[in-house]
$ cat input_22.tsv   # TSV, C-alpha atoms
chain	number	residue	atom	x	y	z
S	1	MET	CA	11.30	7.53	-6.80
S	2	ALA	CA	12.89	4.46	-8.42
S	3	GLU	CA	10.04	2.30	-9.64
S	4	ALA	CA	10.24	-1.35	-8.63
S	5	ARG	CA	10.43	-4.11	-11.19
S	6	PRO	CA	7.00	-5.79	-11.30
S	7	GLY	CA	6.58	-8.51	-8.69
S	8	THR	CA	9.96	-7.96	-7.05
S	9	GLY	CA	9.83	-4.75	-5.02
S	10	ARG	CA	13.41	-4.19	-6.18
S	11	PRO	CA	14.25	-1.04	-8.12
S	12	ASP	CA	14.91	-1.16	-11.83
S	13	PRO	CA	18.65	-0.37	-12.22
S	14	ALA	CA	18.02	2.45	-14.68
S	15	ALA	CA	15.37	4.02	-12.44
S	16	LEU	CA	17.62	3.68	-9.41
S	17	GLY	CA	20.46	5.32	-11.31
S	18	ALA	CA	18.19	8.19	-12.28
S	19	LEU	CA	17.12	8.64	-8.66
S	20	LEU	CA	20.72	8.74	-7.45
S	21	ALA	CA	21.59	11.25	-10.16
S	22	SER	CA	18.66	13.48	-9.20
S	23	VAL	CA	19.52	13.91	-5.51
S	24	LYS	CA	22.34	15.94	-3.98
S	25	CYS	CA	22.29	14.58	-0.45
S	26	VAL	CA	22.16	11.02	0.90
S	27	LEU	CA	21.11	10.35	4.49
S	28	PHE	CA	22.22	7.01	5.89
S	29	ASP	CA	20.64	5.20	8.76
S	30	PHE	CA	23.62	3.82	10.67
S	31	ASP	CA	22.93	0.38	12.15
S	32	GLY	CA	22.00	-1.71	9.11
S	33	PRO	CA	22.86	0.30	5.99
S	34	VAL	CA	26.36	1.24	7.21
S	35	CYS	CA	27.23	-1.57	9.60
S	36	ASP	CA	25.93	-4.30	11.86
S	37	LEU	CA	26.50	-2.37	15.08
S	38	PHE	CA	25.58	-5.19	17.43
S	39	ALA	CA	27.30	-8.00	15.51
S	40	ARG	CA	29.50	-8.97	18.46
S	41	HIS	CA	27.71	-7.14	21.25
S	42	PRO	CA	24.11	-8.35	20.87
S	43	ALA	CA	21.28	-5.86	21.22
S	44	PRO	CA	19.18	-8.24	23.38
S	45	ASP	CA	22.04	-8.30	25.90
S	46	VAL	CA	22.04	-4.49	25.92
S	47	ALA	CA	18.28	-4.47	26.54
S	48	ASP	CA	18.78	-6.91	29.43
S	49	THR	CA	21.47	-4.65	30.90
S	50	MET	CA	19.09	-1.69	30.70
S	51	ARG	CA	16.28	-3.67	32.35
S	52	ALA	CA	18.59	-4.73	35.16
S	53	ARG	CA	19.60	-1.10	35.74
S	54	LEU	CA	15.95	-0.03	35.71
S	55	ARG	CA	15.05	-2.63	38.31
S	56	ARG	CA	17.84	-1.40	40.56
S	57	LEU	CA	16.65	2.19	40.15
S	58	ARG	CA	12.97	1.34	40.66
S	59	PRO	CA	12.56	-2.01	42.42
S	60	ALA	CA	8.77	-1.78	42.12
S	61	ALA	CA	8.90	-1.79	38.33
S	62	ARG	CA	7.63	-4.96	36.71
S	63	PRO	CA	7.83	-6.39	33.17
S	64	ALA	CA	5.23	-5.12	30.72
S	65	PRO	CA	4.68	-5.49	26.99
S	66	VAL	CA	6.13	-2.82	24.73
S	67	THR	CA	3.64	-0.48	23.08
S	68	ALA	CA	3.09	-0.32	19.34
S	69	ALA	CA	4.35	3.29	19.37
S	70	ALA	CA	7.62	2.17	20.95
S	71	ALA	CA	8.03	-0.63	18.43
S	72	GLY	CA	7.84	2.03	15.72
S	73	ALA	CA	11.05	3.52	17.11
S	74	SER	CA	12.86	0.25	16.57
S	75	GLY	CA	15.58	0.34	13.96
S	76	SER	CA	17.93	-2.61	13.48
S	77	ALA	CA	18.75	-3.19	17.11
S	78	GLY	CA	17.44	-6.71	17.28
S	79	GLY	CA	13.73	-6.02	17.55
S	80	SER	CA	11.46	-8.73	16.22
S	81	PRO	CA	7.92	-8.77	14.91
S	82	GLY	CA	5.25	-9.41	17.48
S	83	THR	CA	6.96	-7.73	20.43
S	84	ALA	CA	4.52	-4.82	20.32
S	85	HIS	CA	1.27	-5.70	21.99
S	86	GLY	CA	-0.98	-4.30	24.65
S	87	THR	CA	-0.51	-1.21	26.79
S	88	PRO	CA	1.95	-1.24	29.70
S	89	GLY	CA	0.68	-0.16	33.07
S	90	SER	CA	1.95	-1.02	36.52
S	91	GLY	CA	-1.07	0.48	38.24
S	92	LEU	CA	1.32	2.52	40.38
S	93	PRO	CA	1.47	6.24	39.51
S	94	GLY	CA	4.85	7.25	38.18
S	95	VAL	CA	6.42	3.79	38.39
S	96	PRO	CA	8.09	2.92	35.07
S	97	ASP	CA	7.17	-0.38	33.50
S	98	VAL	CA	9.89	-2.68	32.17
S	99	PRO	CA	9.01	-3.27	28.51
S	100	ALA	CA	9.28	-6.88	27.39
S	101	THR	CA	11.33	-6.23	24.26
S	102	ARG	CA	14.69	-7.38	22.94
S	103	ASP	CA	15.23	-3.96	21.31
S	104	PRO	CA	16.96	-1.36	23.54
S	105	HIS	CA	15.58	1.53	21.48
S	106	ALA	CA	12.00	0.32	21.87
S	107	LEU	CA	12.62	-0.04	25.61
S	108	LEU	CA	13.95	3.52	25.87
S	109	HIS	CA	11.13	4.88	23.71
S	110	THR	CA	8.46	3.26	25.90
S	111	LEU	CA	9.98	4.65	29.08
S	112	ALA	CA	10.41	8.11	27.55
S	113	PHE	CA	6.77	8.31	26.53
S	114	GLY	CA	5.83	7.50	30.12
S	115	ALA	CA	8.17	10.09	31.60
S	116	GLY	CA	5.34	12.56	32.08
S	117	ALA	CA	3.09	10.17	33.98
S	118	PRO	CA	1.03	11.80	36.74
S	119	GLY	CA	2.50	12.05	40.20
S	120	GLY	CA	2.38	14.63	42.96
S	121	PRO	CA	5.30	17.00	43.61
S	122	ASP	CA	6.19	15.01	46.71
S	123	ASP	CA	5.87	11.66	44.99
S	124	PRO	CA	9.41	10.22	44.58
S	125	SER	CA	8.18	8.17	41.62
S	126	GLY	CA	6.57	11.14	39.84
S	127	PRO	CA	7.53	12.76	36.52
S	128	THR	CA	10.84	14.23	37.69
S	129	ALA	CA	12.05	10.89	39.00
S	130	ARG	CA	10.93	9.13	35.84
S	131	SER	CA	12.72	11.70	33.68
S	132	GLY	CA	15.93	11.08	35.61
S	133	ILE	CA	15.56	7.35	35.09
S	134	VAL	CA	15.12	7.81	31.34
S	135	THR	CA	18.21	10.03	31.22
S	136	GLU	CA	20.29	7.45	33.09
S	137	LEU	CA	19.15	4.63	30.84
S	138	GLU	CA	19.87	6.69	27.72
S	139	ARG	CA	23.41	7.27	28.97
S	140	LEU	CA	23.78	3.55	29.63
S	141	LEU	CA	22.54	2.75	26.12
S	142	ALA	CA	24.94	5.31	24.60
S	143	ALA	CA	27.88	3.73	26.42
S	144	GLU	CA	26.84	0.26	25.24
S	145	GLU	CA	26.49	1.47	21.64
S	146	ILE	CA	29.95	3.06	21.69
S	147	ARG	CA	31.32	-0.18	23.09
S	148	ALA	CA	29.57	-2.11	20.30
S	149	ALA	CA	31.07	0.20	17.66
S	150	ALA	CA	34.53	-1.19	18.39
S	151	SER	CA	33.50	-4.61	17.04
S	152	ALA	CA	30.77	-3.63	14.56
S	153	GLU	CA	31.00	-5.29	11.16
S	154	PRO	CA	30.63	-3.34	7.89
S	155	THR	CA	27.58	-3.91	5.74
S	156	PRO	CA	28.72	-5.41	2.43
S	157	TYR	CA	29.49	-2.69	-0.14
S	158	ALA	CA	28.73	0.12	2.35
S	159	ASP	CA	32.27	1.51	2.50
S	160	GLU	CA	32.59	1.51	-1.29
S	161	LEU	CA	29.16	3.11	-1.70
S	162	VAL	CA	29.96	5.90	0.75
S	163	ARG	CA	33.24	6.68	-1.02
S	164	ARG	CA	31.63	6.62	-4.48
S	165	LEU	CA	28.76	8.87	-3.37
S	166	HIS	CA	31.26	11.35	-1.99
S	167	ALA	CA	33.33	11.15	-5.17
S	168	THR	CA	30.25	11.86	-7.30
S	169	GLY	CA	29.55	15.02	-5.35
S	170	HIS	CA	26.78	13.90	-3.01
S	171	ALA	CA	26.63	15.43	0.45
S	172	LEU	CA	26.51	12.70	3.09
S	173	ALA	CA	24.88	12.57	6.51
S	174	VAL	CA	24.05	10.01	9.18
S	175	THR	CA	20.53	10.04	10.60
S	176	THR	CA	20.30	7.43	13.33
S	177	ASN	CA	18.53	6.44	16.52
S	178	ASN	CA	21.93	5.43	17.88
S	179	THR	CA	24.10	7.87	19.78
S	180	ALA	CA	26.22	10.00	17.45
S	181	GLY	CA	29.31	8.93	19.39
S	182	ALA	CA	28.89	5.33	18.21
S	183	ALA	CA	28.61	6.41	14.58
S	184	GLU	CA	31.63	8.70	14.96
S	185	ALA	CA	33.70	5.92	16.52
S	186	TYR	CA	32.81	3.37	13.85
S	187	LEU	CA	33.30	5.72	10.91
S	188	GLU	CA	36.65	6.83	12.32
S	189	ARG	CA	37.74	3.20	12.55
S	190	ARG	CA	36.76	2.64	8.90
S	191	GLY	CA	38.41	5.84	7.64
S	192	LEU	CA	35.05	7.33	6.62
S	193	ALA	CA	34.41	9.93	9.31
S	194	GLU	CA	35.71	12.89	7.31
S	195	LEU	CA	33.27	12.09	4.50
S	196	PHE	CA	30.36	12.69	6.88
S	197	ARG	CA	31.53	15.34	9.31
S	198	PRO	CA	29.92	17.50	10.60
S	199	HIS	CA	26.70	15.82	9.50
S	200	ILE	CA	26.41	12.93	11.97
S	201	HIS	CA	23.03	13.25	13.64
S	202	GLY	CA	22.14	10.75	16.32
S	203	ARG	CA	19.89	10.40	19.32
S	204	VAL	CA	19.35	13.59	21.31
S	205	THR	CA	18.55	13.96	25.01
S	206	GLU	CA	14.82	13.73	24.26
S	207	PRO	CA	14.38	10.02	23.41
S	208	TRP	CA	10.81	10.63	22.22
S	209	LEU	CA	12.43	12.25	19.15
S	210	LEU	CA	13.69	8.86	17.98
S	211	LYS	CA	12.60	7.90	14.48
S	212	PRO	CA	9.85	7.60	13.27
S	213	ASP	CA	9.95	11.23	14.39
S	214	PRO	CA	11.80	13.08	11.59
S	215	ASP	CA	13.90	15.20	13.98
S	216	CYS	CA	17.31	13.80	13.01
S	217	LEU	CA	16.45	14.09	9.29
S	218	HIS	CA	15.46	17.73	9.73
S	219	ARG	CA	18.76	18.37	11.54
S	220	ALA	CA	20.68	16.70	8.71
S	221	LEU	CA	18.93	18.74	6.04
S	222	ARG	CA	19.67	21.95	7.92
S	223	SER	CA	23.31	21.05	8.45
S	224	THR	CA	23.89	20.10	4.81
S	225	GLY	CA	21.86	23.01	3.47
S	226	HIS	CA	19.74	20.85	1.15
S	227	ASP	CA	16.01	20.81	0.54
S	228	ALA	CA	14.13	17.64	1.34
S	229	ALA	CA	13.23	17.14	-2.33
S	230	MET	CA	16.94	16.83	-3.16
S	231	ALA	CA	17.67	14.24	-0.47
S	232	LEU	CA	17.49	10.45	-0.33
S	233	MET	CA	17.43	8.36	2.83
S	234	ILE	CA	18.76	4.81	2.86
S	235	GLY	CA	17.19	2.96	5.77
S	236	ASP	CA	16.31	-0.55	6.86
S	237	SER	CA	13.29	-0.14	9.13
S	238	THR	CA	9.71	1.03	9.02
S	239	ALA	CA	10.75	3.79	11.44
S	240	ASP	CA	13.20	5.03	8.79
S	241	LEU	CA	10.50	4.91	6.13
S	242	LEU	CA	8.01	6.85	8.26
S	243	ALA	CA	10.62	9.45	9.22
S	244	ALA	CA	11.57	9.93	5.56
S	245	ARG	CA	7.93	10.41	4.62
S	246	ALA	CA	7.41	12.92	7.41
S	247	ALA	CA	10.51	14.86	6.34
S	248	GLY	CA	9.56	14.75	2.66
S	249	VAL	CA	12.74	12.99	1.48
S	250	HIS	CA	13.03	10.11	-1.00
S	251	PHE	CA	13.44	6.67	0.58
S	252	LEU	CA	15.38	3.60	-0.49
S	253	GLY	CA	14.98	0.53	1.67
S	254	TYR	CA	17.85	-1.81	2.46
S	255	ALA	CA	16.92	-5.29	3.65
S	256	ARG	CA	19.56	-7.89	4.27
S	257	ASP	CA	17.03	-10.73	4.26
S	258	GLU	CA	13.59	-11.56	2.95
S	259	PRO	CA	11.61	-10.95	6.19
S	260	ARG	CA	13.03	-7.43	6.43
S	261	ARG	CA	12.32	-6.81	2.76
S	262	ARG	CA	8.73	-7.96	3.23
S	263	ARG	CA	8.23	-5.71	6.27
S	264	LEU	CA	9.44	-2.67	4.34
S	265	ARG	CA	7.29	-3.52	1.35
S	266	ASP	CA	4.24	-4.12	3.56
S	267	ALA	CA	4.84	-0.70	5.16
S	268	GLY	CA	4.69	0.91	1.72
S	269	ALA	CA	8.33	1.19	0.65
S	270	GLU	CA	8.33	1.44	-3.14
S	271	SER	CA	11.99	0.57	-3.60
S	272	VAL	CA	13.98	-1.97	-1.59
S	273	VAL	CA	17.40	-3.48	-2.31
S	274	THR	CA	18.81	-6.58	-0.68
S	275	SER	CA	22.39	-5.59	-1.45
S	276	LEU	CA	24.07	-2.20	-1.49
S	277	GLY	CA	26.01	-3.60	-4.41
S	278	ASP	CA	22.91	-2.87	-6.51
S	279	VAL	CA	23.05	0.77	-5.45
S	280	LEU	CA	26.76	0.94	-6.15
S	281	ALA	CA	26.26	-0.53	-9.62
S	282	ALA	CA	23.50	1.97	-10.41
S	283	LEU	CA	25.44	5.02	-9.25
S	284	PRO	CA	26.40	7.29	-12.17
S	285	GLU	CA	30.11	7.58	-12.78
S	286	ARG	CA	30.15	11.30	-13.47
S	287	ARG	CA	30.89	13.74	-10.72
S	288	GLN	CA	28.00	15.98	-9.63
S	289	SER	CA	27.89	19.27	-7.84
S	290	ALA	CA	26.70	18.92	-4.24
S	291	GLY	CA	25.75	22.59	-4.12

$ encode --input "input_22.tsv" --output "structure tokens"
Amino acid sequence: MAEARPGTGRPDPAALGALLASVKCVLFDFDGPVCDLFARHPAPDVADTMRARLRRLRPAARPAPVTAAAAGASGSAGGSPGTAHGTPGSGLPGVPDVPATRDPHALLHTLAFGAGAPGGPDDPSGPTARSGIVTELERLLAAEEIRAAASAEPTPYADELVRRLHATGHALAVTTNNTAGAAEAYLERRGLAELFRPHIHGRVTEPWLLKPDPDCLHRALRSTGHDAAMALMIGDSTADLLAARAAGVHFLGYARDEPRRRRLRDAGAESVVTSLGDVLAALPERRQSAG
């Protein structure tokens, strides 16, 4: 781990360079470290679209606060501190609540965790119906993310960092709570897709496997053939940090502003950069073997 300079939380350049030289595989969270996915297609608008669809599917559903567990699944999709409070509950068996969150991933996560709520086999709002609702909303979110990818804006220095990591022999993978199709579309647009393929691992059909669950990191490690000890994840959320810990991989936080940096530090991230330019500058010039 790259030790932080005292009082800053930012890695010492030499220590960061040593960390980058010691790993063979770099796992990128997508929205944040690679791009601002929702730059021109705001995440809160996507969450509103999902809520509107949910209300049409289940008119009895009512707004409810998002759970703390769901907030943990939030990446960079517009979630804000303080949206996780209380426990949702409509009081109607099997009826999904409508989480009061601006983050579409937290909304999906809350609904997914309630998909097994009790309900009799003849109850139209029982587990099977809820599961179908979650599936439909996940498809809606995937479509919105792919739409957002067409206007996503690159994170400063991200393109250069990806190319340099590839040139220095690092295997690259995407580990994201977004749908893989959005990452594919964006990376194709930026001419970076071939540097990641076939290691783009996004949200699966089981939304409860969103980070902080380490599922997508485990899939990336298997696909690249690298041990966790030889991998580094670059992420911008506490969910990324917790997933990296659970998978046993090194973690480097990226925070584009001070509140995000403070949240990562408060969650226990030892190393956080506020610019990927710092990572690029610390990257050794010599080519490494990715084997």

$ atom_distance --input "input_22.tsv" --atom1 "atom CA of Arg40 of chain S" --atom2 "atom CA of Gly181 of chain S"
17.9 Å

$ closest_residue --input "input_22.tsv" --among "S:Leu161, S:Ile133, S:Asp31, S:Arg203" --to "Arg58 of chain S" --atoms "all atoms listed in the file"
S:Ile133

$ atom_distance --input "input_22.tsv" --atom1 "atom CA of Tyr157 of chain S" --atom2 "atom CA of Val204 of chain S"
28.8 Å

$ atom_distance --input "input_22.tsv" --atom1 "atom CA of Ala149 of chain S" --atom2 "atom CA of Ala182 of chain S"
5.6 Å

$ residues_near_point --input "input_22.tsv" --point "(19.6, -0.3, 8.7)" --cutoff "9 Å" --atoms "all atoms listed in the file" --output "short mmCIF file (atom, residue, chain, number, x, y, z; two decimals) with C-alpha atoms, keeping the file's coordinate frame"
data_model
loop_
_atom_site.label_atom_id
_atom_site.label_comp_id
_atom_site.auth_asym_id
_atom_site.auth_seq_id
_atom_site.Cartn_x
_atom_site.Cartn_y
_atom_site.Cartn_z
CA PHE S 28 22.22 7.01 5.89
CA ASP S 29 20.64 5.20 8.76
CA PHE S 30 23.62 3.82 10.67
CA ASP S 31 22.93 0.38 12.15
CA GLY S 32 22.00 -1.71 9.11
CA PRO S 33 22.86 0.30 5.99
CA VAL S 34 26.36 1.24 7.21
CA CYS S 35 27.23 -1.57 9.60
CA ASP S 36 25.93 -4.30 11.86
CA GLY S 75 15.58 0.34 13.96
CA SER S 76 17.93 -2.61 13.48
CA ALA S 77 18.75 -3.19 17.11
CA ILE S 234 18.76 4.81 2.86
CA GLY S 235 17.19 2.96 5.77
CA ASP S 236 16.31 -0.55 6.86
CA SER S 237 13.29 -0.14 9.13
CA ASP S 240 13.20 5.03 8.79
CA GLY S 253 14.98 0.53 1.67
CA TYR S 254 17.85 -1.81 2.46
CA ALA S 255 16.92 -5.29 3.65
CA ARG S 256 19.56 -7.89 4.27
#

$ closest_residue --input "input_22.tsv" --among "S:Arg147, S:His226, S:Arg164, S:His199" --to "Tyr186 of chain S" --atoms "all atoms listed in the file"
S:Arg147

$ residues_around --input "input_22.tsv" --residues "Asp48 of chain S" --least-positions-apart "6" --cutoff "12 Å" --atoms "all atoms listed in the file" --output "PDB file with C-alpha atoms, in the coordinates of the input"
ATOM      1  CA  PRO S  42      24.110  -8.350  20.870  1.00  0.00           C
ATOM      2  CA  LEU S  54      15.950  -0.030  35.710  1.00  0.00           C
ATOM      3  CA  ARG S  55      15.050  -2.630  38.310  1.00  0.00           C
ATOM      4  CA  PRO S  63       7.830  -6.390  33.170  1.00  0.00           C
ATOM      5  CA  VAL S  98       9.890  -2.680  32.170  1.00  0.00           C
ATOM      6  CA  PRO S  99       9.010  -3.270  28.510  1.00  0.00           C
ATOM      7  CA  ALA S 100       9.280  -6.880  27.390  1.00  0.00           C
ATOM      8  CA  THR S 101      11.330  -6.230  24.260  1.00  0.00           C
ATOM      9  CA  ARG S 102      14.690  -7.380  22.940  1.00  0.00           C
ATOM     10  CA  ASP S 103      15.230  -3.960  21.310  1.00  0.00           C
ATOM     11  CA  PRO S 104      16.960  -1.360  23.540  1.00  0.00           C
ATOM     12  CA  LEU S 107      12.620  -0.040  25.610  1.00  0.00           C
ATOM     13  CA  LEU S 137      19.150   4.630  30.840  1.00  0.00           C
ATOM     14  CA  LEU S 140      23.780   3.550  29.630  1.00  0.00           C
ATOM     15  CA  LEU S 141      22.540   2.750  26.120  1.00  0.00           C
ATOM     16  CA  GLU S 144      26.840   0.260  25.240  1.00  0.00           C
TER      17      GLU S 144
END

$ residues_around --input "input_22.tsv" --residues "Ala180 of chain S" --least-positions-apart "5" --cutoff "9 Å" --atoms "all atoms listed in the file" --output "list of chain:residue names"
S:Ala142, S:Ile146, S:Val174, S:Thr175, S:Ala185, S:Ile200, S:His201, S:Gly202, S:Arg203, S:Val204

$ write_last_selection --input "input_22.tsv" --atoms "C-alpha atoms" --output "short mmCIF file (atom, residue, chain, number, x, y, z; two decimals), in the coordinates of the input"
data_model
loop_
_atom_site.label_atom_id
_atom_site.label_comp_id
_atom_site.auth_asym_id
_atom_site.auth_seq_id
_atom_site.Cartn_x
_atom_site.Cartn_y
_atom_site.Cartn_z
CA ALA S 142 24.94 5.31 24.60
CA ILE S 146 29.95 3.06 21.69
CA VAL S 174 24.05 10.01 9.18
CA THR S 175 20.53 10.04 10.60
CA ALA S 185 33.70 5.92 16.52
CA ILE S 200 26.41 12.93 11.97
CA HIS S 201 23.03 13.25 13.64
CA GLY S 202 22.14 10.75 16.32
CA ARG S 203 19.89 10.40 19.32
CA VAL S 204 19.35 13.59 21.31
#

$ residues_around --input "input_22.tsv" --residues "Ala243 of chain S" --least-positions-apart "4" --cutoff "10 Å" --atoms "only C-alpha atoms" --output "number ranges by chain"
S: 73, 210-218, 233, 235, 237-239, 247-249, 251
